[in-house]
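**Student:** Please see the structure below; I have some questions.
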Amino acid sequence: MIRKAVIPAAGLGTRFLPITKAQPKEMLPVVHKPVIQYVVEEVYSSGIKEILVITGKQKRAIEDHFDRYNASNENNYVDELEEILENLDIFFIRQKEQKGLGDAVRYAEAFVEDDPFVLLLGDNITIPNCTGILMSIFEEFRAPVIAIEEVPIERAKDHGIIKGEKIRDSVYRIEDMFEKPEEPVSNLAIIGRYILTSEVFDYLKELKSGYGGEIQLTDALRNMVLDGKEVYAYLYHGRRFDIGNKQDWLKANIELGLEDEEVGKALKGWLVGFMKKELM
Ligand code: UTP
């Protein structure tokens with residue numbers, strides 16, 4: 001049974017400068033909500049009640065967002081969030097220096113204790129909920145599982161990439177993995193949703209900096225695999241938006257905006273008219 005989730009959200013977000021000079025990228029709005037609220041809702045809908053968010057410099061707005069809203073004006077979106085927050089315990093810890101995702105995950109060790117946990121990047125949205133599926137795969141194999149998706153091979157060098165043996169539809173046993181490889185061995189890219197066991201902390205402690213001079217989670221998982229430990233990958237078929245990248249952020253606002261009850265219809269009318277003019 002998985003009871004804990006960890007959300008690293010301490011990255012500097014340099015691809016979003018100057019927006020991220022004074023506010024976290026995890027607070028970028030996607031239609032009505034900041035990105036990180038989608039992530040917290042994914043955790044909540046998977047039945048998990050304890051969350052640790054790893055924050056850092058310029059990230060205080062995240063903590064404030066998950067605080068009680070005290071003003072009296074009614075707002076359905078706020079009410080929805082308040083209801084979720086009633087049922088969750090959210091803890092925060094600050095990463096002292098932005099030394100990479102692997103370093104950020106180390107801050108979760110005391111919170112996790114010996115339990116398996118879900119790790120969700122705070123700037124990624126998955127629809128439908130990817131965590132629930134990963135949890136069911138973990139129940140079956142009792143070993144770490146990471147979500148992957150297929151990317152065009154020419155873009156594989158921008159991602160963490162796995163090499164694996166397909167053991168059944170959409171499930172692979174990982175044989176090797178690489179962070180942003182120059183010569184990718186596949187087009188199967190890691191997408192920011194993981195189920196990990198506390199063993200990962202032993203591997204993170206031993207790590208030296210890897211790609212980009214940062215402590216890379218992919219390297220720790222790779223060392224586990226090379227030590228003969230079982231690590232699985234699940235090929236996620238839903239929609240994934242990496243809000244850490246501008247194009248995906250804009251796409252998420254358009255796609256999810258078009259599906260939204262409040263603004264979808266009007267947005268569609270405007271978009272159709274706009275595209276017609278563009279194509280003329
Ligand atoms: P990214 O690779 O998106 O890096 O991090 P970044 O620093 O956030 O953004 P850019 O590249 O400067 O624009 C992937 C995930 O790892 C977290 C980020 O918050 C994001 O969820 N992270 C990264 C940390 O928590 N700490 C770090 O030191 C680095």
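To be explicit about the labels: the chains of the structure tokens are called A, B, and onward in the order shown, and within each one the residues are counted from 1, while ligands get numbers from 1 in the order they are shown.
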Please check which protein, DNA or RNA residues sit within 7 Å of ligand 1, counting only C-alpha atoms and all ligand atoms, and write them as a list in words.
**Tutor:**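 Written in the requested form, the residues are Pro8, Ala9, Ala10, Gly11, Leu12, Gly13, Thr14, Arg15, Phe16, Ile54, Thr55, Gln95, Glu97, Gln98, Lys99, Gly100, Leu101, Asp103, Ala104, Leu121, Gly122, Asp123 and Gly244 of chain A.
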**Student:** Output C-alpha atoms of each residue in that selection to a file, as a PDB file, in the first residue's frame.
**Tutor:**
ATOM      1  CA  PRO A   8      10.146  18.024  -6.132  1.00  0.00           C
ATOM      2  CA  ALA A   9       9.531  21.639  -7.056  1.00  0.00           C
ATOM      3  CA  ALA A  10      12.826  23.325  -6.281  1.00  0.00           C
ATOM      4  CA  GLY A  11      14.227  23.704  -9.813  1.00  0.00           C
ATOM      5  CA  LEU A  12      15.195  27.202 -10.918  1.00  0.00           C
ATOM      6  CA  GLY A  13      12.998  27.264 -14.025  1.00  0.00           C
ATOM      7  CA  THR A  14      15.553  29.159 -16.105  1.00  0.00           C
ATOM      8  CA  ARG A  15      13.657  28.323 -19.297  1.00  0.00           C
ATOM      9  CA  PHE A  16      10.888  30.559 -18.007  1.00  0.00           C
ATOM     10  CA  ILE A  54      10.512  19.980  -1.955  1.00  0.00           C
ATOM     11  CA  THR A  55      10.842  23.701  -2.473  1.00  0.00           C
ATOM     12  CA  GLN A  95      16.451  22.155  -0.963  1.00  0.00           C
ATOM     13  CA  GLU A  97      21.151  24.435  -3.211  1.00  0.00           C
ATOM     14  CA  GLN A  98      19.752  23.586  -6.642  1.00  0.00           C
ATOM     15  CA  LYS A  99      22.081  20.651  -7.290  1.00  0.00           C
ATOM     16  CA  GLY A 100      19.671  18.610  -9.400  1.00  0.00           C
ATOM     17  CA  LEU A 101      16.613  16.368  -9.138  1.00  0.00           C
ATOM     18  CA  ASP A 103      19.785  15.871  -4.790  1.00  0.00           C
ATOM     19  CA  ALA A 104      16.231  17.183  -4.271  1.00  0.00           C
ATOM     20  CA  LEU A 121       7.576  16.253 -10.800  1.00  0.00           C
ATOM     21  CA  GLY A 122       5.780  19.411  -9.771  1.00  0.00           C
ATOM     22  CA  ASP A 123       5.799  20.871 -13.277  1.00  0.00           C
ATOM     23  CA  GLY A 244       8.703  23.378 -17.611  1.00  0.00           C
TER      24      GLY A 244
END
**Student:** Quick one: contact table of range 52-163 of chain A to range 185-207 of chain A, 7 Å max, nearest atom pair and distance in Å to one decimal per residue, counting only C-alpha atoms, chain and number order, as a Markdown table?
**Tutor:**
| residue | atom | partner | partner_atom | distance |
| --- | --- | --- | --- | --- |
| A:Gly102 | CA | A:Leu204 | CA | 6.5 |
| A:Arg106 | CA | A:Phe201 | CA | 6.3 |
| A:Glu109 | CA | A:Phe201 | CA | 6.8 |
| A:Glu113 | CA | A:Ser198 | CA | 7.0 |
| A:Asp114 | CA | A:Ser198 | CA | 5.4 |
| A:Asp115 | CA | A:Ser198 | CA | 6.3 |
| A:Pro116 | CA | A:Thr197 | CA | 4.3 |
| A:Phe117 | CA | A:Leu196 | CA | 5.5 |
| A:Val118 | CA | A:Ile195 | CA | 4.5 |
| A:Leu119 | CA | A:Tyr194 | CA | 5.0 |
| A:Leu120 | CA | A:Arg193 | CA | 4.8 |
| A:Leu121 | CA | A:Gly192 | CA | 5.1 |
| A:Asn124 | CA | A:Gly192 | CA | 6.8 |
| A:Thr131 | CA | A:Arg193 | CA | 6.8 |
| A:Leu134 | CA | A:Ile195 | CA | 6.8 |
| A:Pro144 | CA | A:Leu196 | CA | 4.7 |
| A:Val145 | CA | A:Ile195 | CA | 5.2 |
| A:Ile146 | CA | A:Tyr194 | CA | 4.3 |
| A:Ala147 | CA | A:Arg193 | CA | 5.5 |
| A:Ile148 | CA | A:Ile190 | CA | 4.4 |
| A:Glu149 | CA | A:Ala189 | CA | 5.3 |
| A:Glu150 | CA | A:Leu188 | CA | 4.8 |
| A:Val151 | CA | A:Asn187 | CA | 5.4 |
| A:Pro152 | CA | A:Asn187 | CA | 6.4 |
| A:Ile153 | CA | A:Asn187 | CA | 5.1 |
| A:Ala156 | CA | A:Asn187 | CA | 5.6 |
| A:His159 | CA | A:Ala189 | CA | 5.8 |
| A:Gly160 | CA | A:Ile190 | CA | 5.3 |
| A:Ile161 | CA | A:Ala189 | CA | 4.6 |
| A:Ile162 | CA | A:Leu188 | CA | 5.8 |
| A:Lys163 | CA | A:Ser186 | CA | 6.3 |
**Student:** Let's see if you can do this: from backbone DSSP, list all helix (DSSP H, G or I) residues in range 1-161 of chain A, as a PyMOL selection string.
**Tutor:** chain A and resi 14-16+19-21+25-27+35-45+60-65+76-86+101-106+109-112+130-141+153-158
**Student:** Kindly provide the residues of range 151-258 of chain A that approach range 27-36 of chain A to within 9 Å, each paired with its closest atom pair and their distance in Å to one decimal, based on only C-alpha atoms, listed by chain and increasing number, as JSON lines.
**Tutor:**
{"residue": "A:Ile243", "atom": "CA", "partner": "A:Val35", "partner_atom": "CA", "distance": 7.4}
{"residue": "A:Trp249", "atom": "CA", "partner": "A:Val30", "partner_atom": "CA", "distance": 7.4}
{"residue": "A:Leu250", "atom": "CA", "partner": "A:Val30", "partner_atom": "CA", "distance": 8.4}
{"residue": "A:Ala252", "atom": "CA", "partner": "A:Val30", "partner_atom": "CA", "distance": 6.6}
{"residue": "A:Asn253", "atom": "CA", "partner": "A:Val30", "partner_atom": "CA", "distance": 5.2}
{"residue": "A:Ile254", "atom": "CA", "partner": "A:Val31", "partner_atom": "CA", "distance": 8.3}
{"residue": "A:Leu256", "atom": "CA", "partner": "A:Val31", "partner_atom": "CA", "distance": 6.9}
{"residue": "A:Gly257", "atom": "CA", "partner": "A:Val31", "partner_atom": "CA", "distance": 5.7}
**Student:** Would you write out those residues with N, CA and C atoms, as a short mmCIF file (atom, residue, chain, number, x, y, z; two decimals), in the first residue's frame?
**Tutor:**
data_model
loop_
_atom_site.label_atom_id
_atom_site.label_comp_id
_atom_site.auth_asym_id
_atom_site.auth_seq_id
_atom_site.Cartn_x
_atom_site.Cartn_y
_atom_site.Cartn_z
N ILE A 243 5.18 21.32 -18.21
CA ILE A 243 4.98 22.77 -18.12
C ILE A 243 6.31 23.50 -17.93
N TRP A 249 3.39 24.40 -22.10
CA TRP A 249 2.56 25.23 -21.21
C TRP A 249 1.44 25.89 -22.02
N LEU A 250 1.83 26.43 -23.17
CA LEU A 250 0.81 27.09 -24.00
C LEU A 250 -0.18 26.06 -24.55
N ALA A 252 -1.04 23.23 -23.18
CA ALA A 252 -1.91 22.78 -22.08
C ALA A 252 -3.03 23.79 -21.89
N ASN A 253 -2.70 25.07 -21.94
CA ASN A 253 -3.75 26.09 -21.74
C ASN A 253 -4.78 26.04 -22.86
N ILE A 254 -4.32 25.79 -24.07
CA ILE A 254 -5.28 25.74 -25.18
C ILE A 254 -6.12 24.46 -25.10
N LEU A 256 -6.66 22.24 -22.60
CA LEU A 256 -7.52 22.12 -21.43
C LEU A 256 -8.52 23.29 -21.37
N GLY A 257 -8.13 24.41 -21.92
CA GLY A 257 -9.06 25.55 -22.02
C GLY A 257 -10.23 25.20 -22.92
#
**Student:** Give me, as a PyMOL selection string, all polymer residues having an atom no more than 12 Å from range 66-82 of chain A, counting only C-alpha atoms and skipping those fewer than 6 positions away in the same chain.
**Tutor:** chain A and resi 27+31-34+36-38+40-41+44+51+53+60+88-92+262
**Student:** Name the residues of range 41-120 of chain A that fall into strand (DSSP E) according to DSSP on the backbone, using the chain letters and numbers of this document, as a ChimeraX atom specification.
**Tutor:** /A:50-55,89-94,117-120
**Student:** Those selected residues, please, written with N, CA, C and O atoms and delivered as a PDB file, in the first residue's frame.
**Tutor:**
ATOM      1  N   GLU A  50      -0.577  11.865   2.306  1.00  0.00           N
ATOM      2  CA  GLU A  50       0.601  12.567   2.854  1.00  0.00           C
ATOM      3  C   GLU A  50       1.529  12.966   1.724  1.00  0.00           C
ATOM      4  O   GLU A  50       1.976  12.108   0.948  1.00  0.00           O
ATOM      5  N   ILE A  51       1.809  14.267   1.656  1.00  0.00           N
ATOM      6  CA  ILE A  51       2.640  14.773   0.560  1.00  0.00           C
ATOM      7  C   ILE A  51       3.789  15.598   1.124  1.00  0.00           C
ATOM      8  O   ILE A  51       3.592  16.421   2.016  1.00  0.00           O
ATOM      9  N   LEU A  52       4.974  15.370   0.570  1.00  0.00           N
ATOM     10  CA  LEU A  52       6.106  16.252   0.873  1.00  0.00           C
ATOM     11  C   LEU A  52       6.451  17.014  -0.396  1.00  0.00           C
ATOM     12  O   LEU A  52       6.721  16.413  -1.446  1.00  0.00           O
ATOM     13  N   VAL A  53       6.438  18.352  -0.302  1.00  0.00           N
ATOM     14  CA  VAL A  53       6.840  19.168  -1.452  1.00  0.00           C
ATOM     15  C   VAL A  53       8.248  19.696  -1.175  1.00  0.00           C
ATOM     16  O   VAL A  53       8.500  20.257  -0.102  1.00  0.00           O
ATOM     17  N   ILE A  54       9.143  19.487  -2.128  1.00  0.00           N
ATOM     18  CA  ILE A  54      10.512  19.980  -1.955  1.00  0.00           C
ATOM     19  C   ILE A  54      10.608  21.321  -2.679  1.00  0.00           C
ATOM     20  O   ILE A  54      10.441  21.388  -3.898  1.00  0.00           O
ATOM     21  N   THR A  55      10.821  22.357  -1.894  1.00  0.00           N
ATOM     22  CA  THR A  55      10.842  23.701  -2.473  1.00  0.00           C
ATOM     23  C   THR A  55      12.247  24.285  -2.328  1.00  0.00           C
ATOM     24  O   THR A  55      13.176  23.600  -1.917  1.00  0.00           O
ATOM     25  N   ASP A  89      -2.347  15.971   4.276  1.00  0.00           N
ATOM     26  CA  ASP A  89      -1.287  16.610   5.060  1.00  0.00           C
ATOM     27  C   ASP A  89      -0.173  16.934   4.084  1.00  0.00           C
ATOM     28  O   ASP A  89       0.413  16.025   3.488  1.00  0.00           O
ATOM     29  N   ILE A  90       0.098  18.228   3.916  1.00  0.00           N
ATOM     30  CA  ILE A  90       1.176  18.623   2.998  1.00  0.00           C
ATOM     31  C   ILE A  90       2.326  19.208   3.817  1.00  0.00           C
ATOM     32  O   ILE A  90       2.133  20.142   4.589  1.00  0.00           O
ATOM     33  N   PHE A  91       3.495  18.609   3.639  1.00  0.00           N
ATOM     34  CA  PHE A  91       4.694  19.071   4.338  1.00  0.00           C
ATOM     35  C   PHE A  91       5.626  19.720   3.317  1.00  0.00           C
ATOM     36  O   PHE A  91       5.580  19.399   2.134  1.00  0.00           O
ATOM     37  N   PHE A  92       6.482  20.617   3.808  1.00  0.00           N
ATOM     38  CA  PHE A  92       7.415  21.303   2.907  1.00  0.00           C
ATOM     39  C   PHE A  92       8.825  21.216   3.469  1.00  0.00           C
ATOM     40  O   PHE A  92       9.029  21.288   4.678  1.00  0.00           O
ATOM     41  N   ILE A  93       9.780  21.080   2.555  1.00  0.00           N
ATOM     42  CA  ILE A  93      11.190  21.149   2.967  1.00  0.00           C
ATOM     43  C   ILE A  93      11.919  21.897   1.859  1.00  0.00           C
ATOM     44  O   ILE A  93      11.530  21.814   0.684  1.00  0.00           O
ATOM     45  N   ARG A  94      12.933  22.665   2.229  1.00  0.00           N
ATOM     46  CA  ARG A  94      13.649  23.449   1.212  1.00  0.00           C
ATOM     47  C   ARG A  94      14.961  22.783   0.818  1.00  0.00           C
ATOM     48  O   ARG A  94      15.763  22.437   1.695  1.00  0.00           O
ATOM     49  N   PHE A 117       7.131   5.014  -2.205  1.00  0.00           N
ATOM     50  CA  PHE A 117       6.482   6.321  -2.376  1.00  0.00           C
ATOM     51  C   PHE A 117       6.348   6.687  -3.843  1.00  0.00           C
ATOM     52  O   PHE A 117       7.068   6.164  -4.695  1.00  0.00           O
ATOM     53  N   VAL A 118       5.419   7.589  -4.105  1.00  0.00           N
ATOM     54  CA  VAL A 118       5.261   8.112  -5.465  1.00  0.00           C
ATOM     55  C   VAL A 118       6.078   9.382  -5.571  1.00  0.00           C
ATOM     56  O   VAL A 118       6.074  10.203  -4.657  1.00  0.00           O
ATOM     57  N   LEU A 119       6.758   9.537  -6.672  1.00  0.00           N
ATOM     58  CA  LEU A 119       7.492  10.775  -6.934  1.00  0.00           C
ATOM     59  C   LEU A 119       6.873  11.415  -8.173  1.00  0.00           C
ATOM     60  O   LEU A 119       6.769  10.770  -9.223  1.00  0.00           O
ATOM     61  N   LEU A 120       6.439  12.649  -8.015  1.00  0.00           N
ATOM     62  CA  LEU A 120       5.793  13.341  -9.151  1.00  0.00           C
ATOM     63  C   LEU A 120       6.475  14.683  -9.358  1.00  0.00           C
ATOM     64  O   LEU A 120       6.572  15.480  -8.406  1.00  0.00           O
TER      65      LEU A 120
END
**Student:** Residues within 12 Å of Asp176 in chain A, please, as a list in words. Count only C-alpha atoms; anything in the same chain fewer than 5 positions from it doesn't count.
**Tutor:**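 That gives Gly160, Ile161, Ile162, Lys163, Gly164, Glu165, Pro181, Pro184, Val185, Ser186, Leu188, Thr218, Asp219, Ala220, Leu221, Arg222, Asn223, Met224, Val225, Leu226, Asp227, Gly228, Lys229, Glu230, Val231, Tyr232 and Ala233 of chain A.
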**Student:** Quick check, in Å to one decimal: how far apart do CA of Ser170 in chain A and CA of Gly238 in chain A lie?
**Tutor:** 12.2 Å
